[in-house]
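Quick look at protein_8.pdb (PDB, C-alpha atoms and all ligand atoms):
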```pdb
ATOM      1  CA  MET A   1     -27.563 -19.406 -54.725
ATOM      2  CA  THR A   2     -30.651 -21.634 -55.181
ATOM      3  CA  PRO A   3     -33.163 -19.856 -57.418
ATOM      4  CA  VAL A   4     -36.356 -18.844 -55.625
ATOM      5  CA  THR A   5     -39.638 -20.057 -57.066
ATOM      6  CA  ARG A   6     -42.187 -17.260 -56.920
ATOM      7  CA  VAL A   7     -45.429 -18.897 -55.814
ATOM      8  CA  LEU A   8     -48.965 -17.675 -56.488
ATOM      9  CA  LEU A   9     -51.201 -19.249 -53.853
ATOM     10  CA  LEU A  10     -54.942 -19.162 -54.579
ATOM     11  CA  GLY A  11     -56.706 -19.278 -51.247
ATOM     12  CA  GLY A  12     -59.700 -18.340 -49.173
ATOM     13  CA  THR A  13     -59.554 -21.381 -46.877
ATOM     14  CA  GLY A  14     -57.969 -22.184 -43.527
ATOM     15  CA  ASP A  15     -55.603 -24.638 -45.228
ATOM     16  CA  ALA A  16     -54.469 -21.945 -47.692
ATOM     17  CA  LEU A  17     -53.750 -19.613 -44.804
ATOM     18  CA  LYS A  18     -51.502 -22.261 -43.224
ATOM     19  CA  ILE A  19     -49.542 -22.484 -46.491
ATOM     20  CA  ALA A  20     -49.409 -18.682 -46.852
ATOM     21  CA  ARG A  21     -47.764 -18.437 -43.430
ATOM     22  CA  GLN A  22     -44.824 -20.472 -44.791
ATOM     23  CA  LEU A  23     -44.258 -18.447 -47.965
ATOM     24  CA  GLY A  24     -41.683 -15.680 -48.314
ATOM     25  CA  PRO A  25     -41.979 -12.066 -49.496
ATOM     26  CA  ALA A  26     -41.443 -13.005 -53.155
ATOM     27  CA  SER A  27     -44.657 -15.054 -53.146
ATOM     28  CA  VAL A  28     -48.260 -13.905 -53.371
ATOM     29  CA  TYR A  29     -51.380 -15.035 -51.529
ATOM     30  CA  SER A  30     -54.501 -14.311 -53.575
ATOM     31  CA  LEU A  31     -58.036 -13.911 -52.220
ATOM     32  CA  ALA A  32     -61.324 -13.360 -54.035
ATOM     33  CA  GLY A  33     -62.220 -10.633 -51.553
ATOM     34  CA  LEU A  34     -65.270 -12.115 -49.849
ATOM     35  CA  GLY A  35     -63.782 -12.658 -46.403
ATOM     36  CA  LYS A  36     -61.211 -11.274 -44.007
ATOM     37  CA  VAL A  37     -57.866 -10.208 -45.490
ATOM     38  CA  PRO A  38     -54.994 -11.307 -43.212
ATOM     39  CA  GLU A  39     -52.517  -8.564 -42.375
ATOM     40  CA  ASP A  40     -49.794 -10.586 -40.674
ATOM     41  CA  LEU A  41     -48.444 -12.734 -43.506
ATOM     42  CA  PRO A  42     -44.789 -12.973 -44.543
ATOM     43  CA  CYS A  43     -45.790 -13.042 -48.236
ATOM     44  CA  ALA A  44     -47.567 -10.424 -50.356
ATOM     45  CA  VAL A  45     -51.381 -10.464 -50.433
ATOM     46  CA  ARG A  46     -53.564  -9.476 -53.374
ATOM     47  CA  VAL A  47     -57.364  -9.311 -53.428
ATOM     48  CA  GLY A  48     -59.907  -9.673 -56.254
ATOM     49  CA  GLY A  49     -60.442 -11.654 -59.457
ATOM     50  CA  PHE A  50     -57.927 -11.826 -62.300
ATOM     51  CA  GLY A  51     -60.451 -11.619 -65.132
ATOM     52  CA  GLY A  52     -60.929 -15.286 -66.000
ATOM     53  CA  SER A  53     -58.256 -17.764 -67.038
ATOM     54  CA  GLU A  54     -56.823 -15.345 -69.622
ATOM     55  CA  GLY A  55     -56.406 -12.661 -66.978
ATOM     56  CA  LEU A  56     -54.804 -15.168 -64.643
ATOM     57  CA  ALA A  57     -52.390 -16.316 -67.367
ATOM     58  CA  ARG A  58     -51.436 -12.670 -68.010
ATOM     59  CA  TYR A  59     -50.862 -12.155 -64.270
ATOM     60  CA  ILE A  60     -48.658 -15.275 -64.049
ATOM     61  CA  GLU A  61     -46.543 -14.049 -66.937
ATOM     62  CA  SER A  62     -46.282 -10.388 -65.929
ATOM     63  CA  GLU A  63     -45.481 -11.225 -62.288
ATOM     64  CA  GLN A  64     -43.037 -13.982 -63.264
ATOM     65  CA  ILE A  65     -44.821 -16.565 -61.156
ATOM     66  CA  GLY A  66     -43.001 -19.909 -61.186
ATOM     67  CA  ARG A  67     -45.700 -22.087 -59.648
ATOM     68  CA  VAL A  68     -49.402 -21.794 -58.861
ATOM     69  CA  ILE A  69     -50.904 -23.522 -55.850
ATOM     70  CA  ASP A  70     -54.665 -23.943 -55.899
ATOM     71  CA  ALA A  71     -55.728 -24.218 -52.261
ATOM     72  CA  THR A  72     -59.225 -22.852 -52.810
ATOM     73  CA  HIS A  73     -62.383 -24.407 -51.409
ATOM     74  CA  PRO A  74     -63.533 -27.650 -53.122
ATOM     75  CA  PHE A  75     -66.757 -25.878 -54.162
ATOM     76  CA  ALA A  76     -64.860 -22.977 -55.789
ATOM     77  CA  ALA A  77     -64.822 -24.820 -59.122
ATOM     78  CA  GLN A  78     -64.428 -21.803 -61.395
ATOM     79  CA  ILE A  79     -61.131 -20.573 -60.008
ATOM     80  CA  SER A  80     -59.756 -24.149 -59.937
ATOM     81  CA  ALA A  81     -60.628 -24.585 -63.618
ATOM     82  CA  ASN A  82     -59.126 -21.169 -64.398
ATOM     83  CA  ALA A  83     -55.919 -22.075 -62.565
ATOM     84  CA  VAL A  84     -55.352 -25.269 -64.552
ATOM     85  CA  ARG A  85     -56.132 -23.522 -67.849
ATOM     86  CA  ALA A  86     -54.004 -20.457 -67.101
ATOM     87  CA  CYS A  87     -51.018 -22.519 -65.960
ATOM     88  CA  ALA A  88     -51.156 -24.572 -69.148
ATOM     89  CA  ALA A  89     -51.213 -21.367 -71.200
ATOM     90  CA  ALA A  90     -48.398 -19.741 -69.208
ATOM     91  CA  GLN A  91     -46.448 -23.011 -69.000
ATOM     92  CA  VAL A  92     -45.999 -23.064 -65.239
ATOM     93  CA  PRO A  93     -46.888 -26.021 -63.009
ATOM     94  CA  CYS A  94     -50.231 -25.995 -61.216
ATOM     95  CA  TRP A  95     -50.286 -27.828 -57.927
ATOM     96  CA  ALA A  96     -53.510 -28.321 -56.021
ATOM     97  CA  LEU A  97     -54.574 -29.115 -52.505
ATOM     98  CA  ARG A  98     -57.584 -31.398 -52.999
ATOM     99  CA  ARG A  99     -58.997 -31.957 -49.540
ATOM    100  CA  PRO A 100     -60.648 -35.401 -49.256
ATOM    101  CA  ALA A 101     -64.444 -35.404 -49.150
ATOM    102  CA  TRP A 102     -66.251 -36.520 -46.013
ATOM    103  CA  GLN A 103     -67.505 -40.110 -46.174
ATOM    104  CA  ALA A 104     -70.767 -41.271 -44.619
ATOM    105  CA  GLN A 105     -70.216 -43.488 -41.578
ATOM    106  CA  THR A 106     -72.347 -46.115 -39.908
ATOM    107  CA  GLY A 107     -75.340 -44.360 -38.419
ATOM    108  CA  ASP A 108     -75.317 -41.499 -40.924
ATOM    109  CA  ASP A 109     -78.442 -40.646 -42.897
ATOM    110  CA  TRP A 110     -77.158 -38.514 -45.769
ATOM    111  CA  ARG A 111     -79.477 -37.398 -48.562
ATOM    112  CA  MET A 112     -77.223 -36.489 -51.491
ATOM    113  CA  VAL A 113     -78.241 -33.542 -53.685
ATOM    114  CA  ASP A 114     -76.667 -31.517 -56.493
ATOM    115  CA  ASP A 115     -78.121 -28.032 -56.280
ATOM    116  CA  TRP A 116     -80.281 -25.552 -54.403
ATOM    117  CA  ASN A 117     -83.581 -26.764 -55.911
ATOM    118  CA  ALA A 118     -82.794 -30.303 -54.767
ATOM    119  CA  VAL A 119     -81.961 -28.975 -51.287
ATOM    120  CA  ILE A 120     -85.373 -27.307 -51.065
ATOM    121  CA  ALA A 121     -87.164 -30.442 -52.292
ATOM    122  CA  ALA A 122     -85.310 -32.665 -49.794
ATOM    123  CA  LEU A 123     -86.109 -30.220 -46.979
ATOM    124  CA  ALA A 124     -89.888 -30.389 -47.487
ATOM    125  CA  PRO A 125     -90.641 -32.832 -44.621
ATOM    126  CA  PHE A 126     -88.555 -30.915 -42.065
ATOM    127  CA  ARG A 127     -89.311 -27.936 -39.820
ATOM    128  CA  ARG A 128     -86.066 -26.672 -38.283
ATOM    129  CA  PRO A 129     -83.107 -26.974 -40.677
ATOM    130  CA  LEU A 130     -79.599 -25.773 -39.894
ATOM    131  CA  PHE A 131     -77.993 -24.455 -43.094
ATOM    132  CA  THR A 132     -74.191 -24.611 -43.158
ATOM    133  CA  LEU A 133     -73.478 -24.070 -46.840
ATOM    134  CA  GLY A 134     -72.616 -20.398 -47.008
ATOM    135  CA  ARG A 135     -74.714 -17.391 -47.878
ATOM    136  CA  GLU A 136     -77.035 -18.844 -50.537
ATOM    137  CA  PRO A 137     -80.020 -19.311 -48.142
ATOM    138  CA  LEU A 138     -79.945 -15.566 -47.398
ATOM    139  CA  ALA A 139     -81.221 -14.933 -50.931
ATOM    140  CA  HIS A 140     -84.227 -17.201 -50.287
ATOM    141  CA  LEU A 141     -85.460 -16.061 -46.866
ATOM    142  CA  ASP A 142     -88.720 -14.792 -48.338
ATOM    143  CA  GLU A 143     -89.408 -18.265 -49.782
ATOM    144  CA  ILE A 144     -89.308 -20.130 -46.451
ATOM    145  CA  PRO A 145     -92.293 -22.510 -46.379
ATOM    146  CA  PRO A 146     -94.847 -21.741 -43.645
ATOM    147  CA  HIS A 147     -93.985 -24.868 -41.643
ATOM    148  CA  GLN A 148     -90.237 -24.114 -41.473
ATOM    149  CA  PHE A 149     -87.964 -21.933 -39.369
ATOM    150  CA  TRP A 150     -84.429 -21.683 -40.764
ATOM    151  CA  THR A 151     -81.141 -21.251 -38.965
ATOM    152  CA  VAL A 152     -78.468 -20.069 -41.397
ATOM    153  CA  ARG A 153     -74.842 -20.197 -40.300
ATOM    154  CA  CYS A 154     -72.530 -18.290 -42.634
ATOM    155  CA  LEU A 155     -69.834 -15.616 -42.639
ATOM    156  CA  GLU A 156     -72.131 -12.738 -43.607
ATOM    157  CA  SER A 157     -74.249 -10.949 -41.069
ATOM    158  CA  HIS A 158     -77.834 -10.180 -42.067
ATOM    159  CA  GLN A 159     -80.735  -8.376 -40.482
ATOM    160  CA  ASP A 160     -83.119 -10.505 -38.448
ATOM    161  CA  HIS A 161     -85.954 -12.207 -40.284
ATOM    162  CA  PRO A 162     -89.216 -13.342 -38.635
ATOM    163  CA  ARG A 163     -88.793 -16.869 -40.051
ATOM    164  CA  ALA A 164     -85.039 -17.302 -39.724
ATOM    165  CA  ARG A 165     -82.080 -16.839 -37.427
ATOM    166  CA  ILE A 166     -78.767 -15.862 -39.015
ATOM    167  CA  LEU A 167     -75.643 -16.948 -37.155
ATOM    168  CA  ALA A 168     -72.805 -14.889 -38.630
ATOM    169  CA  THR A 169     -69.786 -16.827 -37.498
ATOM    170  CA  ARG A 170     -66.611 -18.462 -38.742
ATOM    171  CA  GLY A 171     -65.270 -21.950 -37.958
ATOM    172  CA  PRO A 172     -63.600 -23.997 -36.699
ATOM    173  CA  PHE A 173     -66.448 -25.412 -34.628
ATOM    174  CA  THR A 174     -65.869 -27.761 -31.698
ATOM    175  CA  LEU A 175     -67.829 -30.886 -30.845
ATOM    176  CA  GLU A 176     -68.891 -29.367 -27.513
ATOM    177  CA  GLY A 177     -70.020 -26.143 -29.178
ATOM    178  CA  GLU A 178     -72.005 -27.999 -31.829
ATOM    179  CA  ARG A 179     -73.644 -30.242 -29.221
ATOM    180  CA  ALA A 180     -74.746 -27.174 -27.261
ATOM    181  CA  LEU A 181     -76.084 -25.426 -30.380
ATOM    182  CA  PHE A 182     -78.026 -28.471 -31.585
ATOM    183  CA  ALA A 183     -79.522 -29.055 -28.124
ATOM    184  CA  LEU A 184     -80.605 -25.428 -27.802
ATOM    185  CA  GLN A 185     -82.102 -24.998 -31.262
ATOM    186  CA  ALA A 186     -83.673 -28.463 -31.723
ATOM    187  CA  PHE A 187     -82.720 -28.730 -35.400
ATOM    188  CA  ASP A 188     -84.344 -31.657 -37.201
ATOM    189  CA  VAL A 189     -82.022 -31.678 -40.252
ATOM    190  CA  VAL A 190     -78.618 -30.296 -41.288
ATOM    191  CA  VAL A 191     -77.809 -28.927 -44.750
ATOM    192  CA  SER A 192     -74.148 -29.051 -45.740
ATOM    193  CA  LYS A 193     -71.697 -28.966 -48.609
ATOM    194  CA  ASN A 194     -69.346 -31.924 -48.665
ATOM    195  CA  SER A 195     -66.450 -29.608 -47.864
ATOM    196  CA  GLY A 196     -64.232 -32.158 -46.128
ATOM    197  CA  GLY A 197     -61.626 -31.181 -43.537
ATOM    198  CA  SER A 198     -61.813 -31.119 -39.761
ATOM    199  CA  ALA A 199     -62.765 -27.484 -39.107
ATOM    200  CA  THR A 200     -66.497 -27.941 -39.728
ATOM    201  CA  GLU A 201     -66.871 -31.711 -39.346
ATOM    202  CA  ALA A 202     -68.247 -31.724 -35.786
ATOM    203  CA  LYS A 203     -71.777 -30.917 -37.016
ATOM    204  CA  LEU A 204     -71.796 -34.309 -38.775
ATOM    205  CA  ASP A 205     -70.749 -36.072 -35.561
ATOM    206  CA  VAL A 206     -73.566 -34.357 -33.674
ATOM    207  CA  ALA A 207     -76.103 -35.097 -36.423
ATOM    208  CA  ARG A 208     -75.084 -38.779 -36.135
ATOM    209  CA  GLU A 209     -75.348 -38.707 -32.331
ATOM    210  CA  ARG A 210     -78.833 -37.211 -32.538
ATOM    211  CA  GLY A 211     -80.006 -39.405 -35.439
ATOM    212  CA  LEU A 212     -80.572 -36.384 -37.686
ATOM    213  CA  PRO A 213     -80.525 -36.567 -41.482
ATOM    214  CA  VAL A 214     -77.996 -34.480 -43.403
ATOM    215  CA  ILE A 215     -78.849 -33.028 -46.798
ATOM    216  CA  MET A 216     -75.405 -33.132 -48.395
ATOM    217  CA  LEU A 217     -74.405 -31.244 -51.532
ATOM    218  CA  ARG A 218     -72.148 -33.299 -53.775
ATOM    219  CA  ARG A 219     -68.876 -31.723 -54.833
ATOM    220  CA  PRO A 220     -68.450 -30.169 -58.261
ATOM    221  CA  ALA A 221     -65.977 -31.851 -60.612
ATOM    222  CA  LEU A 222     -62.501 -30.298 -60.472
ATOM    223  CA  PRO A 223     -59.847 -30.496 -63.172
ATOM    224  CA  ASP A 224     -56.636 -32.467 -62.728
ATOM    225  CA  ALA A 225     -53.708 -30.350 -61.603
ATOM    226  CA  ASP A 226     -50.093 -31.225 -62.465
ATOM    227  CA  ARG A 227     -49.702 -32.485 -58.924
ATOM    228  CA  ALA A 228     -52.355 -32.950 -56.237
ATOM    229  CA  PHE A 229     -51.928 -33.217 -52.469
ATOM    230  CA  ASP A 230     -54.520 -34.305 -49.950
ATOM    231  CA  ASN A 231     -52.962 -32.548 -46.970
ATOM    232  CA  VAL A 232     -51.120 -29.332 -46.156
ATOM    233  CA  ALA A 233     -48.018 -31.016 -44.708
ATOM    234  CA  GLY A 234     -47.372 -32.999 -47.891
ATOM    235  CA  LEU A 235     -47.740 -29.912 -50.045
ATOM    236  CA  LEU A 236     -45.428 -27.856 -47.810
ATOM    237  CA  GLU A 237     -42.810 -30.603 -47.882
ATOM    238  CA  ALA A 238     -42.906 -30.685 -51.684
ATOM    239  CA  LEU A 239     -42.542 -26.887 -51.799
ATOM    240  CA  ARG A 240     -39.630 -27.088 -49.367
ATOM    241  CA  GLN A 241     -37.888 -29.577 -51.629
ATOM    242  CA  GLU A 242     -38.184 -27.050 -54.450
ATOM    243  CA  SER A 243     -36.839 -24.180 -52.312
ATOM    244  CA  ALA A 244     -40.166 -22.424 -52.687
ATOM    245  CA  LEU A 245     -40.750 -21.714 -48.996
ATOM    246  CA  GLY A 246     -39.780 -18.755 -46.864
ATOM    247  CA  ALA A 247     -37.564 -16.984 -49.359
TER     248      ALA A 247
HETATM  249  P1  LIG A 301     -65.444 -19.534 -57.798
HETATM  250  O1  LIG A 301     -66.879 -19.566 -58.183
HETATM  251  O2  LIG A 301     -64.605 -20.687 -58.144
HETATM  252  O3  LIG A 301     -64.718 -18.235 -58.399
HETATM  253  C1  LIG A 301     -65.439 -17.122 -58.906
HETATM  254  C2  LIG A 301     -64.437 -16.065 -59.296
HETATM  255  O4  LIG A 301     -63.885 -15.445 -58.135
HETATM  256  C3  LIG A 301     -63.242 -16.594 -60.056
HETATM  257  O5  LIG A 301     -63.530 -16.791 -61.421
HETATM  258  C4  LIG A 301     -62.227 -15.505 -59.794
HETATM  259  O6  LIG A 301     -62.506 -14.353 -60.568
HETATM  260  C5  LIG A 301     -62.526 -15.124 -58.358
HETATM  261  N1  LIG A 301     -61.714 -15.880 -57.387
HETATM  262  C6  LIG A 301     -62.047 -16.979 -56.689
HETATM  263  N2  LIG A 301     -61.079 -17.320 -55.840
HETATM  264  C7  LIG A 301     -60.089 -16.419 -56.020
HETATM  265  C8  LIG A 301     -58.823 -16.233 -55.411
HETATM  266  N3  LIG A 301     -58.373 -17.058 -54.431
HETATM  267  N4  LIG A 301     -58.066 -15.191 -55.827
HETATM  268  C9  LIG A 301     -58.521 -14.344 -56.803
HETATM  269  N5  LIG A 301     -59.722 -14.471 -57.387
HETATM  270  C10 LIG A 301     -60.497 -15.491 -57.004
HETATM  271  O7  LIG A 301     -65.299 -19.269 -56.236
HETATM  272  P2  LIG A 301     -66.413 -19.062 -55.087
HETATM  273  O8  LIG A 301     -67.101 -20.364 -54.854
HETATM  274  O9  LIG A 301     -67.201 -17.816 -55.387
HETATM  275  O10 LIG A 301     -65.452 -18.792 -53.851
HETATM  276  C11 LIG A 301     -64.735 -17.569 -53.776
HETATM  277  C12 LIG A 301     -63.585 -17.754 -52.810
HETATM  278  O11 LIG A 301     -64.093 -18.110 -51.515
HETATM  279  C13 LIG A 301     -62.611 -18.847 -53.233
HETATM  280  O12 LIG A 301     -61.325 -18.292 -53.223
HETATM  281  C14 LIG A 301     -62.765 -19.941 -52.208
HETATM  282  O13 LIG A 301     -61.530 -20.531 -51.847
HETATM  283  C15 LIG A 301     -63.415 -19.238 -51.026
HETATM  284  N6  LIG A 301     -64.413 -20.110 -50.373
HETATM  285  C16 LIG A 301     -65.434 -20.628 -51.109
HETATM  286  C17 LIG A 301     -66.347 -21.464 -50.489
HETATM  287  C18 LIG A 301     -67.463 -22.092 -51.278
HETATM  288  O14 LIG A 301     -68.253 -22.839 -50.689
HETATM  289  N7  LIG A 301     -67.579 -21.841 -52.570
HETATM  290  C19 LIG A 301     -66.236 -21.757 -49.129
HETATM  291  C20 LIG A 301     -65.167 -21.202 -48.404
HETATM  292  C21 LIG A 301     -64.267 -20.372 -49.040
HETATM  293  P3  LIG A 301     -61.806 -14.083 -61.968
HETATM  294  O15 LIG A 301     -62.404 -15.038 -62.929
HETATM  295  O16 LIG A 301     -62.109 -12.651 -62.249
HETATM  296  O17 LIG A 301     -60.322 -14.330 -61.769
END
```

Do you think you could lay out the structure here as structure tokens?
Amino acid sequence: MTPVTRVLLLGGTGDALKIARQLGPASVYSLAGLGKVPEDLPCAVRVGGFGGSEGLARYIESEQIGRVIDATHPFAAQISANAVRACAAAQVPCWALRRPAWQAQTGDDWRMVDDWNAVIAALAPFRRPLFTLGREPLAHLDEIPPHQFWTVRCLESHQDHPRARILATRGPFTLEGERALFALQAFDVVVSKNSGGSATEAKLDVARERGLPVIMLRRPALPDADRAFDNVAGLLEALRQESALGA
């Protein structure tokens, strides 16, 4: 019989969930524990950190993992670094799904920034920003400048704030839905991570249509994995060739 490769899939993204749906009961889907935990997967699911790269290496060895797949978000740089380091220590291959970054198109007005302080500085001339970079703005609601009203779209719900509206919602977002939201709320700027992928790209199309600037966070540097894929289908095909799916 063909030996089964026990896969540890590091996830927390829609793409990772697609891969998890193709794994078998010997494999493990791992989540940090910030979002929803799926209950309908054919593979095992574990939740929570490993305790750094050393903890991850210990887990790989004790659970006899034969391959690690890093399908975490491109801004989750710590776990990606840990995965490469732990796999090297445990001597198992580390494959990674490295989703291509979005590229500015004709008509785009992107203002590239590297961190929260640069976001705030770039936002100074604007009044009605839409934040789409996760929960970080929630920690700064009491610092909203007097001339601004913030809309913060993120997974977490939060009590109402007199100077902000929190939209607790999860993508994907459609072009029609984004057009309606932008028209209703009259945003004058969008704040985004350069996440890449199609699930949350429509906001950039609508910003372009409306001539709105986008304050875009550059991606963190990620380490080289043993093998990198830029799409789910290619990664699944490679796993299939190694008999690492479904078993
Ligand atoms: P991070 O800074 O790279 O990781 C922080 C710590 O969280 C890691 O050191 C690890 O703890 C634990 N961790 C992260 N992902 C894990 C996983 N899949 N399984 C087990 N432990 C994990 O990550 P982050 O930016 O906080 O993101 C956390 C999770 O949310 C990631 O899995 C990512 O895919 C997902 N996510 C992140 C973003 C984003 O913008 N950052 C957006 C969408 C989804 P230990 O060191 O203890 O092992």

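Atom O4 of ligand LIG 301 (chain A) lies 25.7 Å from CA of Ile215 in chain A.
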
* For this file, the PyMOL selection byres (((chain A and resi 223) around 12) and not hetatm) selects which residues, as a list in words? -> Asp70, Pro74, Ala76, Ala77, Gln78, Ile79, Ser80, Ala81, Asn82, Ala83, Val84, Arg85, Cys94, Trp95, Ala96, Leu97, Arg98, Pro220, Ala221, Leu222, Asp224, Ala225, Asp226, Arg227 and Ala228 of chain A

* What residues come out when you apply the PyMOL selection byres (((not hetatm)) within 6 of (chain A and resi 301)) to this file, written as an MDAnalysis selection string? -> chainID A and resid 10:13 30:32 48:52 72:73 75:79

Residue contacts of Ala183 in chain A (12 Å, all atoms listed in the file) excluding same-chain residues fewer than 6 positions away, as a JSON list (two decimals) with C-alpha atoms, in the frame of the given file:
```
[["chain", "number", "residue", "atom", "x", "y", "z"],
["A", 176, "GLU", "CA", -68.89, -29.37, -27.51],
["A", 177, "GLY", "CA", -70.02, -26.14, -29.18],
["A", 203, "LYS", "CA", -71.78, -30.92, -37.02],
["A", 206, "VAL", "CA", -73.57, -34.36, -33.67],
["A", 207, "ALA", "CA", -76.10, -35.10, -36.42],
["A", 209, "GLU", "CA", -75.35, -38.71, -32.33],
["A", 210, "ARG", "CA", -78.83, -37.21, -32.54]]
```

Could you give me, as CSV, a per-residue list for range 179-243 of chain A showing, wherever an atom lies at most 12 Å from an atom of range 145-148 of chain A, the closest pair of atoms and their distance in Å to one decimal, using only C-alpha atoms and sorting by chain then residue number from low to high?
```
residue,atom,partner,partner_atom,distance
A:Phe187,CA,A:Gln148,CA,10.7
A:Asp188,CA,A:Gln148,CA,10.5
A:Val189,CA,A:Gln148,CA,11.2
```

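Picture a line from CA of Ala244 in chain A to CA of Tyr59 in chain A; it runs 18.8 Å.
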
Could you list, as a compact mmCIF listing (two decimals) with C-alpha atoms, keeping the file's coordinate frame, every residue matched by the PyMOL selection byres (((chain A and resi 161) around 10) and not hetatm) in this structure?
```
# COMPACT_ATOMS: atom_id res chain seq x y z
CA LEU A 138 -79.94 -15.57 -47.40
CA LEU A 141 -85.46 -16.06 -46.87
CA ASP A 142 -88.72 -14.79 -48.34
CA PHE A 149 -87.96 -21.93 -39.37
CA TRP A 150 -84.43 -21.68 -40.76
CA HIS A 158 -77.83 -10.18 -42.07
CA GLN A 159 -80.74 -8.38 -40.48
CA ASP A 160 -83.12 -10.50 -38.45
CA PRO A 162 -89.22 -13.34 -38.64
CA ARG A 163 -88.79 -16.87 -40.05
CA ALA A 164 -85.04 -17.30 -39.72
CA ARG A 165 -82.08 -16.84 -37.43
CA ILE A 166 -78.77 -15.86 -39.02
```

* Asked: Between A:Ala101, A:Val214, A:Ala88, A:Leu41, which is the closest to Leu130 in chain A once you count all atoms listed in the file?
  ->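 Nearest candidate to Leu130 in chain A out of A:Ala101, A:Val214, A:Ala88, A:Leu41: A:Val214.
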
* What separation in Å, quoted to one decimal, exists between CA of Glu63 in chain A and CA of Asp15 in chain A? -> 23.9 Å

* Counting only C-alpha atoms, the residue of A:Phe182, A:Phe126, A:Tyr29, A:Phe131 that sits nearest Val68 in chain A ->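 Closest residue, counting only C-alpha atoms: A:Tyr29.
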